[in-house]
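**Student:** Got a structure here, written out as structure tokens. Questions coming.
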Amino acid sequence: MTVGTDWLRKRASLTPAAPAVIFAGATVTWAELDARADQVAAALFARGVSAGDRIAALLSNGLPFVELAHAVPRAGAILVPLNTRLSPSELAWQIDDSGARLVLHDDGTAPLAADAAALGSAELAHAAKTRVAGARPSEHPAEDLGRVHSIIYTSGTTGRPKGAMLTFGNHLWSAIGSALNLGIDPDDRLLACLPMFHVGGLAVLLRSAIYGNAAVVHESFDPERVNRAIDSGVTVVSVVAAMLSRMLEARGDVPYPRTLRAVLLGGGPAPRPLLEACAERGVPVVQTYGLTEAASQVATLAPADALRKLGSAGKPLFTTEMRIDRDGGEAAPGDPGEILVRGATVSPGYWRRPDETAEAHRGGWLRTGDVGSLDDEGYLYVLDRRDDLIVSGGENVYPAEVEAVLLSHDAIAEAGVYGIDDDRWGSVPAASVVLRSGASVTADELIAHCRERLAGYKAPVSVRVVDALPRTAAGKLQRRLLREGYTVSRSP
């Protein structure tokens with residue numbers, strides 16, 4: 001299918017004077033952003049960048065990243081966002097794997113970029129200085145929705161990360177599917193506080209141009225600043241559970257304005273106590289389930305169902321199909337199984353990984369590796385990552401369920417549950433927790449709290465206190481690291 005793929009150019013022609021980006025106290029219009037992207041694209045052409053080249057972006061959230069998100073595709077190249085929290089060797093591996101010829105950085109990431117480049121052969125350039133004043137690119141790429149827009153490396157739970165190829169069509173249909181679910185208000189302001197190298201952060205930038213809504217960009221997540229942005233007119237926010245919990249804690253009893261239309265909550269199963277706290281305060285939480293390989297959202301709860309289906313991630317977006325696989329067949333309502341996805345938002349595969357692509361796309365469906373169930377109305381409930389599932393004495397224990405019970409205790413701010421080896425049962429659950437400020441509780445009290453609310457085999461056999469839980473840059477809990485660091489935690 002051919003259709004316009006330069007969404008910034010189209011948006012600038014439709015609403016040139018409307019605000020496009022609000023960052024660091026300044027507002028950039030769509031016409032101004034279009035001109036800036038032209039300058040960056042022209043500079044890429046001047047460096048010899050040609051169609052299909054991979055251009056890596058090692059940048060913090062900010063206007064240069066926004067420009068690159070539009071300028072790199074405009075130059076016919078493929079955007080490769082890099083995680084700024086990785087080590088130089090990890091970055092060098094992704095740069096080499098993607099075959100990126102150029103790595104663009106900013107002041108803050110310059111040392112990291114230099115260390116990574118020293119381990120490979122990619123050229124370095126400062127993003128803010130990669131522009132030709134007043135210039136326009138000499139040519140424009142073909143308008144093909146099947147062309148790869150970006151390669152985003154999945155965090156992965158084992159082995160090396162894989163580069164998920166996302167086409168223009170993947171991003172466009174994801175934006176359309178979300179709009180059909182949540183609607184579009186011309187006065188919407190979308191907050192971009194997730195890392196832009198993450199698919200959720202990049203999606204905000206692209207949808208902003210497609211919808212014509214301004215993106216309010218924050219360099220990083222700060223709960224008090226997010227709350228102030230909401231008070232100042234932000235209407236749609238995308239966060240994960242740990243971020244939302246910090247927002248509520250910083251907010252206290254002050255209600256959120258009615259202009260806040262949706263708080264998209266993703267990044268894994270949301271603890272029920274958090275959802276209930278939002279319901280009590282009237283926070284319009286819209287739980288969502290998504291993954292990199294599906295250009296962000298797969299299923300999202302419609303606002304009208306937020307309270308009726310508390311804890312559900314909703315139904316698949318209009319552009320997506322979903323089923324629950326159990327032992328090779330379709331699971332009955334309520335039965336857990338692997339979440340399978342297909343549709344226009346799904347990546348065509350992993351960059352230079354034909355075997356892994358074939359394995360993930362068996363039978364025409366993307367095998368997500370996530371465990372969930374559908375109720376009798378077709379609403380999705382995400383239970384856990386298949387890799388995080390604990391099988392104890394033949395019984396399945398879903399860490400997210402145990403974490404929700406721990407979080408219902410007044411002393412607990414964060415909880416992570418994971419399996420440890422056991423001679424008798426094969427594996428048993430253990431937990432690491434972060435206490436609320438000034439709180440005190442014993443391990444025995446927390447274990448008893450769980451046993452009162454869960455089957456005995458689900459209760460953790462050990463609970464330890466840590467200062468912080470390991471999370472990805474997007475806020476997802478890394479239970480694998482908890483397992484690996486189990487012996488160095490400290491007991492309450």
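Every chain in the structure tokens takes a letter, A first, then B, and so on in the order presented; its residues are numbered from 1, and the ligands are numbered from 1 following the presented order.
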Using DSSP secondary structure from the backbone, list all alpha helix (DSSP H) positions within segment 83-239 of chain A, as a ChimeraX atom specification.

**Tutor:** /A:88-98,110-118,168-182,199-211,223-231

**Student:** Do you have the atom CA of Gly475 of chain A-atom CA of Val240 of chain A distance handy?

**Tutor:**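 Taking atom CA of Gly475 of chain A and atom CA of Val240 of chain A, their separation equals 6.2 Å.
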
**Student:** Quick check, in Å to one decimal: how far apart do atom CA of Val254 of chain A and atom CA of Arg281 of chain A lie?

**Tutor:**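 So the two atoms, atom CA of Val254 of chain A and atom CA of Arg281 of chain A, lie 9.1 Å apart.
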
**Student:** Set the distance at 7 Å and use only C-alpha atoms: which residues neighbour Val371 of chain A once local chain neighbours fewer than 4 positions away are removed? I'd like the list as a ChimeraX atom specification.

**Tutor:** /A:336-339,382-386

**Student:** Got time to write the residues from that selection, N, CA and C atoms, as a compact mmCIF listing (two decimals), in the first residue's frame?

**Tutor:**
# COMPACT_ATOMS: atom_id res chain seq x y z
N PRO A 336 -5.75 -19.52 31.46
CA PRO A 336 -4.54 -18.80 31.05
C PRO A 336 -3.81 -19.51 29.91
N GLY A 337 -3.12 -18.72 29.13
CA GLY A 337 -2.31 -19.26 28.04
C GLY A 337 -1.46 -18.15 27.46
N GLU A 338 -0.73 -18.47 26.39
CA GLU A 338 0.13 -17.47 25.78
C GLU A 338 -0.68 -16.53 24.89
N ILE A 339 -0.40 -15.24 25.00
CA ILE A 339 -1.09 -14.23 24.20
C ILE A 339 -0.49 -14.22 22.80
N VAL A 382 -3.90 -9.65 31.64
CA VAL A 382 -2.50 -10.05 31.52
C VAL A 382 -2.02 -10.56 32.87
N LEU A 383 -1.48 -11.76 32.86
CA LEU A 383 -1.06 -12.38 34.11
C LEU A 383 0.43 -12.20 34.35
N ASP A 384 1.26 -12.44 33.37
CA ASP A 384 2.70 -12.31 33.57
C ASP A 384 3.45 -12.64 32.30
N ARG A 385 4.77 -12.43 32.36
CA ARG A 385 5.64 -12.92 31.32
C ARG A 385 5.79 -14.43 31.49
N ARG A 386 5.74 -15.15 30.38
CA ARG A 386 5.90 -16.60 30.45
C ARG A 386 7.24 -16.96 31.08

**Student:** Write out as a PyMOL selection string all residues of segment 170-199 of chain A that DSSP puts in strand (DSSP E) for this structure's backbone.

**Tutor:** chain A and resi 189-192

**Student:** Return the single residue from A:Ser178, A:Thr259, A:Thr345, A:Ser238 that is closest to Val285 of chain A, with distances computed using only C-alpha atoms.

**Tutor:**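 Checking each candidate against Val285 of chain A, we get A:Ser238 as the closest.
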
**Student:** Could you tell me how far atom CA of Pro303 of chain A lies from atom CA of Glu414 of chain A, in Å and to one decimal?

**Tutor:**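 Pair atom CA of Pro303 of chain A / atom CA of Glu414 of chain A returns 26.6 Å.
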
**Student:** Quick one: everything within 8 Å of segment 266-276 of chain A, counting only C-alpha atoms, minus sequence neighbours fewer than 3 positions away in the same chain. Send it as a ChimeraX atom specification.

**Tutor:** /A:238-241,245,279-280,285,287-290,310-311,382-384,400-401,403-404,407-408,474-476

**Student:** Can those selected residues be exported to a file as a PDB file, in the first residue's frame so that it contains C-alpha atoms?

**Tutor:**
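What follows is the written file out-v7.pdb:
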ATOM      1  CA  SER A 238       1.410   7.274  29.225  1.00  0.00           C
ATOM      2  CA  VAL A 239       3.113   5.697  32.256  1.00  0.00           C
ATOM      3  CA  VAL A 240       3.829   2.372  33.924  1.00  0.00           C
ATOM      4  CA  ALA A 241       2.596   1.296  37.346  1.00  0.00           C
ATOM      5  CA  SER A 245       2.258   5.143  42.063  1.00  0.00           C
ATOM      6  CA  ALA A 279     -10.728   4.631  41.095  1.00  0.00           C
ATOM      7  CA  GLU A 280     -11.222   6.178  44.542  1.00  0.00           C
ATOM      8  CA  VAL A 285      -6.717   5.111  34.276  1.00  0.00           C
ATOM      9  CA  GLN A 287      -5.013  -0.005  31.304  1.00  0.00           C
ATOM     10  CA  THR A 288      -3.205  -1.129  28.173  1.00  0.00           C
ATOM     11  CA  TYR A 289      -1.170  -4.068  26.961  1.00  0.00           C
ATOM     12  CA  GLY A 290       1.457  -3.691  24.313  1.00  0.00           C
ATOM     13  CA  LEU A 310     -10.924  -3.030  36.713  1.00  0.00           C
ATOM     14  CA  GLY A 311      -7.646  -4.858  36.114  1.00  0.00           C
ATOM     15  CA  VAL A 382      -2.499 -10.047  31.517  1.00  0.00           C
ATOM     16  CA  LEU A 383      -1.055 -12.382  34.108  1.00  0.00           C
ATOM     17  CA  ASP A 384       2.701 -12.313  33.571  1.00  0.00           C
ATOM     18  CA  ALA A 400       2.173 -10.194  39.464  1.00  0.00           C
ATOM     19  CA  GLU A 401      -0.623 -11.714  41.537  1.00  0.00           C
ATOM     20  CA  GLU A 403       3.100  -8.636  44.070  1.00  0.00           C
ATOM     21  CA  ALA A 404      -0.402  -7.154  44.156  1.00  0.00           C
ATOM     22  CA  LEU A 407       1.457  -4.002  47.652  1.00  0.00           C
ATOM     23  CA  SER A 408      -1.842  -4.079  49.518  1.00  0.00           C
ATOM     24  CA  ALA A 474      10.684   2.269  30.622  1.00  0.00           C
ATOM     25  CA  GLY A 475       9.946   1.255  34.221  1.00  0.00           C
ATOM     26  CA  LYS A 476       9.366  -2.464  33.711  1.00  0.00           C
TER      27      LYS A 476
END

**Student:** Between A:Met243, A:Ala431, A:Arg47, A:Val103, which is the closest to Ser121 of chain A once you count only C-alpha atoms?

**Tutor:**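 Selected residue with least distance to Ser121 of chain A: A:Val103.
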
**Student:** Applying 12 Å and only C-alpha atoms, which residues near Lys129 of chain A remain after dropping the ones on its own chain fewer than 6 positions away? List them as an MDAnalysis selection string.

**Tutor:** chainID A and resid 36 39:40 43:44 64 104:107

**Student:** Store the residues of this selection in a file with C-alpha atoms, as a PDB file, in the first residue's frame.

**Tutor:**
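Output (part-v2.pdb):
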ATOM      1  CA  ARG A  36      14.076  22.023  11.466  1.00  0.00           C
ATOM      2  CA  GLN A  39      17.695  21.001   7.968  1.00  0.00           C
ATOM      3  CA  VAL A  40      18.615  17.766   9.743  1.00  0.00           C
ATOM      4  CA  ALA A  43      22.683  17.424   6.709  1.00  0.00           C
ATOM      5  CA  LEU A  44      22.255  13.656   6.603  1.00  0.00           C
ATOM      6  CA  PRO A  64      16.730  17.051  18.927  1.00  0.00           C
ATOM      7  CA  LEU A 104      23.940  10.939  16.834  1.00  0.00           C
ATOM      8  CA  HIS A 105      24.332  12.069  20.438  1.00  0.00           C
ATOM      9  CA  ASP A 106      23.787  15.102  22.657  1.00  0.00           C
ATOM     10  CA  ASP A 107      25.948  16.764  25.322  1.00  0.00           C
TER      11      ASP A 107
END

**Student:** Pick the closest to Pro137 of chain A from A:Asp38, A:Glu67, A:Asp115, A:Glu219: which is it, counting only C-alpha atoms?

**Tutor:**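 With only C-alpha atoms as the atom set, the closest residue is A:Asp38.
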
**Student:** Taking only C-alpha atoms into account, name the residue in A:Ala117, A:Arg207, A:Asn227, A:Val417 that is nearest to Gly252 of chain A.

**Tutor:** A:Asn227
